[in-house]
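Below is one structure, written out as structure tokens, with a few remarks after it.
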Amino acid sequence: MKLTVNSTPRDVDAGRSPTLLSALRDQLALTGSKLVCDRGECGACTVRLDGDLVYACLTLTAACENAQVQTVEGLATGHELHPLQQAFITHDAAQCGFCTPGQLVAAAALLERTPHPSDDEIRSAMSGNLCRCGTYPKIVTAIRAVADAGGAAK
Amino acid sequence: MTERRARFVQTTVEVEGRTETRVVEMPAFEPAPWTADTPLSIVGTSPARVDAFEKVTGRARYTADIVRPGMLYAVIVRSPIAKGTLTAIDLDAARTLPGVRAVMGPGDAPALTRLFRREIGYAGQTLAAVAADSLDAATRAARIIAQSLVFDVAPHAVTVDDAIAPDAPKVRSTGNTVEPDIVERGDVARGLADADVSITREYRTPVALHSALEPHGAVCEWNGDHLTVWESTQGIFRVRADVAKALSMPQGKVRVLKDYMGGGFGAKNGAGAHTYTAALFSQKLGLPVRCMNDREAEQTDSGNRPATLQRVTIAARRDGTLTALVLDAHIPLGISGWEGGPGQIYHELYACPNVRTSETCVYINASGMQAFRGPGYVEGAFGLESAMNALARELQMDPVALRRKNLATRDQRGDRPFSGNRLDECYIEGMKRFGWSSIIRPPSSAIGCVKRGVGVAAQTWPTGGGPPSYALVRINSDASVDVLAGPQDLGTGARTILAQIAAEGLGAKFDTVRAIIGDTERLPYTGNSWGSMTTPSVGPAVRMAAEDARAQLLEAASQLLEVPVEELTTSNSVIHDLSRSRALSFSDLCKQLGNLQIVGRGSRGPNPPGVAIVTVGAQFAEVEVDVDTGVVRVLRIVAVHDAGRIINPALAESQLHGGIIQGVGYALFEERQIDRARGVPLNTNLHDYRIPTMADIPAIDASFLPGADPIANHTGARGIAEPPIIPTAPAIAAAVADALGVEVREIPLTPWRVLGALVQ
């Protein structure tokens, strides 16, 4: 079955990986997206499917034929980090880092949709992505910094 | 150079609030302490986390991301009942399923692993396991086995009341309660008699689950008689010791690796069922095996903070001087656990001559407890600090003034001074930042059904760390520097701050130094990353190793520059004399040395005798309570703590945020529910066991007092990770009591508990 992942055409076996998360992690070795709750509660597997944010653990691989998928591995352009990735580094917005890939993908989608979100809009849009280390205040700061610098547009 | 002295001596160290006596090795030399006035250029600054790039690009490899050639997947079958005997299990049907490679059940694992026993003591206990070509195949086979289980079900006890009832079922053959641990000083009866005011309250705290996003897990691979374990752990050397012992093999044949880790919070301190399952399957099949908990297993059987019931009596004179503190606590530990209760903070936080604590641990048919960030002190602070706030209301006294009147100026339990304790400054700075003194409370009807309130609470926590810890600093032929030490970075930033300490001690540029950690085979020993110990334990060893390497560099440079070694120093990766007229860069020196390698060696010396080493702090909360719905919203938290020197302020602030946010969860949402009739946990996922989301977070102003603690150790730094969670819940509960005019004495402060308190 064909789909495009991070702008590269890929072939996956939907029979071997019923969920998109398994296809990404187990067949394509894209292990940035994490398996945490396996039922759409935590956001650690957040990816974009034809631009929309989805939980990859709840997305059927078979439903992704010919779709465009973007994961955290596709945020940077070559060696150049996405502004949000740089801001997460600068503002210490990753502690253990396990939720970070999902947070970054969700934040990138937020800023494309709403380039200048209020802090309440950030908190609301990001509240589907859990972090147990409590990095939330610095994630808000990092997103805010990118929005204020107008660096969201790709 | 140095006079000869005893190399091995006895000392005391404090781990998770417990004091232990150990033999330690005296270091060959101790560098002069970095005091508050020592000019430092790298320690005390905030370079970005050295591993941030890997984390933001998704390249950081956690245990579940490890793939080995031919790797199999293991899934564990767990008990659906709380107590009884497994009388029948069919493993053969699973064996024949496609993709299944091996199955284990009762009798198939060494006793020390405690795997797959027929006698069941709690729901979630391991009964069997499957290894298969894919996770799906293993999961399907595990379901088939689960359907075959037959039990002789026995009565269980999952509450304190059920476990201490006269006809209670035997949770453990040795009895359901442990003899109360009573600690008393002074004369409590006299203290109560001398009081003008005395109040008694009963407080309850819930079972809280660590809920690290990365579950427990391991990848195990045998190569001949040699086992490699990739494990998500806070203690690689402890996992190695556990595995070697359980599988009867020498430690030298077990290698434990941990690179990245998705949180621990106290639950990942040794090998577990997942480790042994993966190791045994791998041994049997000759292939690597990965065994990760799924979320249900993680929330069911990977440790918890036990609940407490605390009856507190607190007595004082009219002016607020405490005369007696009495605690009678019951702690349902689960099926197992160490007996660390809420009592210690009652002895330590306030000056009070008469204190008596009684802790009764009770075994129940539920998964065993594990240390969870600030174990004992978090639970105890809720009881003690809530009682202090109630006393302040009784005395009509400002709760901060009451606390400042009863400051502990000495460690009363050990009758010794503190290495440093600036709690009073924390109160003063906190009040200033919060605007505490200027607050005039609006009448509570002012905002309709939404009431506002403010509250305060404080903490103490032993953070001295201690030996043993070893480190090496190796200078490569291009002058790049490797720090070799065996701790693990749970997400705290240990990798970064150890590199900072080494760079400072060596006089090297920060970006030339990297810390290599998390490998038992190739790195010197350090202890578990628990008890807020890594910075004060490993930091001094790393500094000493760097100073040792620096002395060797200077010696070499002295020969080459023909300048006496006493006249040379280092900074910014350059060796120069004091007038800076003669200089030699590290890289030029290393070029001349070729492959002669400079290796500095460091170890952690014993703690100073006769002092208590603690981190203290105060937190202030403001809340909004909707009295129609019972919903509590935390608006802001101001936190000021004193932990001596802060190595990296940005990372330290992240630790404060993390503790406070977990404290918000403990105060408002987090509570494991067990069905009393069936004995099974009900909320074993991240929807029903609710941790804070970004939408729940208050405005947080969190800081440390500037300074250093050169008495604690020669880096001047104490531990910081656990203290910030300790006072958050009682500060929030105090604010809710302030808003409502009544106390809610059980956390979490769910809407129904808030409404319940209002109708009483």
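By order of appearance in the structure tokens: chains A, B, ..., then residues from 1 within every chain, and ligands from 1 in the order shown.
DSSP secondary structure from the backbone places Leu3, Thr4, Val5, Thr8, Pro9, Arg10, Asp11, Thr46, Val47, Arg48, Leu49, Asp52, Leu53, Val54, Tyr55, Gln68, Val69 and Gln70 of chain A of segment 3-147 of chain A in strand (DSSP E).
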Just-selected residues, C-alpha atoms written as an mmCIF file, in the first residue's frame:
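Below is the file that was written, out_13.cif:
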```cif
data_model
loop_
_atom_site.group_PDB
_atom_site.id
_atom_site.type_symbol
_atom_site.label_atom_id
_atom_site.label_comp_id
_atom_site.auth_asym_id
_atom_site.auth_seq_id
_atom_site.Cartn_x
_atom_site.Cartn_y
_atom_site.Cartn_z
ATOM 1 C CA LEU A 3 1.437 6.590 0.980
ATOM 2 C CA THR A 4 3.689 9.616 1.252
ATOM 3 C CA VAL A 5 5.531 10.119 4.519
ATOM 4 C CA THR A 8 8.828 10.635 0.412
ATOM 5 C CA PRO A 9 6.710 7.941 -1.309
ATOM 6 C CA ARG A 10 6.635 4.822 0.869
ATOM 7 C CA ASP A 11 5.198 1.328 0.702
ATOM 8 C CA THR A 46 0.279 12.847 17.053
ATOM 9 C CA VAL A 47 0.994 13.107 13.320
ATOM 10 C CA ARG A 48 -0.589 14.974 10.417
ATOM 11 C CA LEU A 49 -2.672 13.162 7.857
ATOM 12 C CA ASP A 52 -5.095 17.275 9.802
ATOM 13 C CA LEU A 53 -3.858 16.324 13.262
ATOM 14 C CA VAL A 54 -4.584 12.675 14.080
ATOM 15 C CA TYR A 55 -3.639 10.194 16.753
ATOM 16 C CA GLN A 68 0.262 12.595 2.945
ATOM 17 C CA VAL A 69 1.629 11.887 6.400
ATOM 18 C CA GLN A 70 3.917 14.193 8.331
#
```
Give me, as a tab-separated table, the closest atom pair and its distance (Å, one decimal) for every residue of chain B within a cut-off of 8 Å of chain A, counting only C-alpha atoms, rows sorted by chain and rising number.
```
residue	atom	partner	partner_atom	distance
B:Ala48	CA	A:Thr90	CA	6.3
B:Arg49	CA	A:Asp92	CA	7.2
B:Ala52	CA	A:Ile89	CA	5.7
B:Phe53	CA	A:Ile89	CA	6.9
B:Lys55	CA	A:Gly97	CA	5.2
B:Val56	CA	A:Gln85	CA	5.6
B:Thr57	CA	A:Glu73	CA	5.8
B:Gly58	CA	A:Gly32	CA	4.0
B:Arg59	CA	A:Gly32	CA	6.4
B:Ala60	CA	A:Gly32	CA	7.7
B:Arg61	CA	A:Thr31	CA	7.8
B:Asp65	CA	A:Thr31	CA	5.9
B:Ser211	CA	A:Arg132	CA	7.2
B:Ala212	CA	A:Arg132	CA	6.1
B:Leu213	CA	A:Val36	CA	5.9
B:Glu214	CA	A:Val36	CA	6.4
B:Pro215	CA	A:Val36	CA	7.3
B:Tyr260	CA	A:Cys96	CA	7.7
B:Met261	CA	A:Cys96	CA	6.3
B:Gly262	CA	A:Phe98	CA	5.1
B:Gly263	CA	A:Cys96	CA	5.9
B:Asp294	CA	A:Cys37	CA	7.6
B:Arg295	CA	A:Cys37	CA	5.4
B:Leu490	CA	A:Cys96	CA	6.1
B:Gly491	CA	A:Cys96	CA	3.4
B:Thr492	CA	A:Gln95	CA	6.3
B:Gly493	CA	A:Gln95	CA	7.4
B:Ala650	CA	A:Asp92	CA	7.0
B:Leu651	CA	A:Asp92	CA	7.1
B:Ser654	CA	A:Thr135	CA	6.6
B:His657	CA	A:Gly134	CA	5.9
B:Gly658	CA	A:Gly134	CA	4.0
B:Gly659	CA	A:Gly134	CA	7.3
B:Ile660	CA	A:Gly134	CA	8.0
B:Ile661	CA	A:Gly134	CA	5.6
B:Gln662	CA	A:Gly134	CA	7.0
B:Asn685	CA	A:Cys37	CA	7.0
B:Leu686	CA	A:Glu41	CA	6.1
B:His687	CA	A:Glu41	CA	6.0
B:Ile691	CA	A:Arg132	CA	7.6
B:Pro692	CA	A:Leu130	CA	7.6
B:Thr693	CA	A:Ser127	CA	5.4
B:Met694	CA	A:Ser127	CA	4.9
B:Ala695	CA	A:Arg123	CA	5.1
B:Ile697	CA	A:Tyr136	CA	7.6
B:Ile700	CA	A:Pro137	CA	7.8
```
Original post:
Do you know which residues are at most 9 Å from segment 79-89 of chain B counting only C-alpha atoms, after dropping those on the same chain fewer than 4 positions away, and could you put them as JSON, numbers by chain?
Top reply: {"B": [105, 106, 117, 118, 119, 120, 121, 122, 123, 124, 125, 126, 127, 128, 145, 146, 147, 148, 149, 150, 151, 152, 153, 154, 155, 156, 157, 158, 171, 365, 366, 678, 679, 680]}
Can you spit out the residues from that selection as a tab-separated table (two decimals), in the first residue's frame, using C-alpha atoms?
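Output (out_28.tsv):
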```tsv
chain	number	residue	atom	x	y	z
B	105	GLY	CA	3.85	-20.02	33.04
B	106	PRO	CA	3.93	-21.14	36.67
B	117	ARG	CA	3.24	-17.75	40.87
B	118	ARG	CA	0.04	-19.67	41.45
B	119	GLU	CA	-0.72	-17.90	44.74
B	120	ILE	CA	-2.25	-14.56	43.83
B	121	GLY	CA	-2.05	-11.51	46.07
B	122	TYR	CA	-3.33	-8.71	43.83
B	123	ALA	CA	-5.02	-8.03	40.52
B	124	GLY	CA	-2.34	-7.47	37.90
B	125	GLN	CA	0.12	-10.06	39.26
B	126	THR	CA	2.01	-11.93	36.54
B	127	LEU	CA	0.80	-15.44	35.62
B	128	ALA	CA	2.32	-16.25	32.24
B	145	ILE	CA	-4.10	-17.87	27.71
B	146	ALA	CA	-6.14	-15.37	29.74
B	147	GLN	CA	-9.33	-17.12	28.66
B	148	SER	CA	-8.01	-20.45	29.96
B	149	LEU	CA	-7.37	-19.32	33.54
B	150	VAL	CA	-9.25	-21.05	36.34
B	151	PHE	CA	-9.01	-19.77	39.90
B	152	ASP	CA	-9.90	-20.81	43.36
B	153	VAL	CA	-10.96	-17.30	44.38
B	154	ALA	CA	-10.37	-16.23	47.99
B	155	PRO	CA	-11.70	-13.20	49.88
B	156	HIS	CA	-9.55	-10.10	49.51
B	157	ALA	CA	-8.99	-6.83	51.34
B	158	VAL	CA	-8.27	-3.69	49.35
B	171	VAL	CA	-3.17	-10.56	52.79
B	365	ASN	CA	-4.47	-6.96	48.05
B	366	ALA	CA	-3.27	-4.35	45.59
B	678	ARG	CA	-13.96	-7.23	43.08
B	679	GLY	CA	-10.59	-5.93	44.22
B	680	VAL	CA	-9.56	-4.69	40.79
```
**OP:** Rank nothing, just name the residue among B:Glu348, B:Glu179, B:Asp642, B:Glu504 nearest to Thr38 of chain B, using only C-alpha atoms.
**Re:**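 When distances to Thr38 of chain B are compared using only C-alpha atoms, the smallest one comes from B:Glu504.
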**OP:** Kindly indicate which residue among B:Val483, B:Ala699, B:Ala297, B:Met388 lies nearest to Thr141 of chain A, using only C-alpha atoms for the distances.
**Re:** B:Ala699
**OP:** Identify which of the residues A:Ala63, A:Asp50, A:Leu58, A:Asn6 lies closest to Leu21 of chain A, counting only C-alpha atoms when measuring atom-to-atom distances.
**Re:** A:Leu58
Subject >> Straight-line distance linking atom CA of Ala132 of chain B with atom CA of Tyr62 of chain B, stated in Å to one decimal >> reply: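 Atom-to-atom, atom CA of Ala132 of chain B and atom CA of Tyr62 of chain B are spaced 21.4 Å apart.
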Original post:
Got a sec: who's within 10 Å of Val67 of chain B, counting only C-alpha atoms, leaving out chain neighbours fewer than 3 positions off, as a list in words?
Top reply: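 Result of the neighbour search: Asp26 and Ala29 of chain A; Arg61, Thr63, Ala64, Gly70, Met71, Leu72, Val219, Pro288, Val289 and Arg290 of chain B.
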**OP:** as an NGL selection string, please: all residues of segment 535-586 of chain B that backbone DSSP puts in helix (DSSP H, G or I).
**Re:** :B and (535-561 or 565-567 or 586)
Subject >> Shell around Ala138 of chain B at 9 Å using only C-alpha atoms, local window under 4 positions removed, as an MDAnalysis selection string >> reply: chainID B and resid 73:76 99:100 129:134 142:143
**OP:** Compile the contact shell of segment 315-320 of chain B as an NGL selection string: residues with an atom at most 9 Å away, counting only C-alpha atoms, same-chain residues fewer than 6 positions apart removed.
**Re:** :B and (191-200 or 326 or 391-392 or 395 or 397 or 401-403 or 405-406)
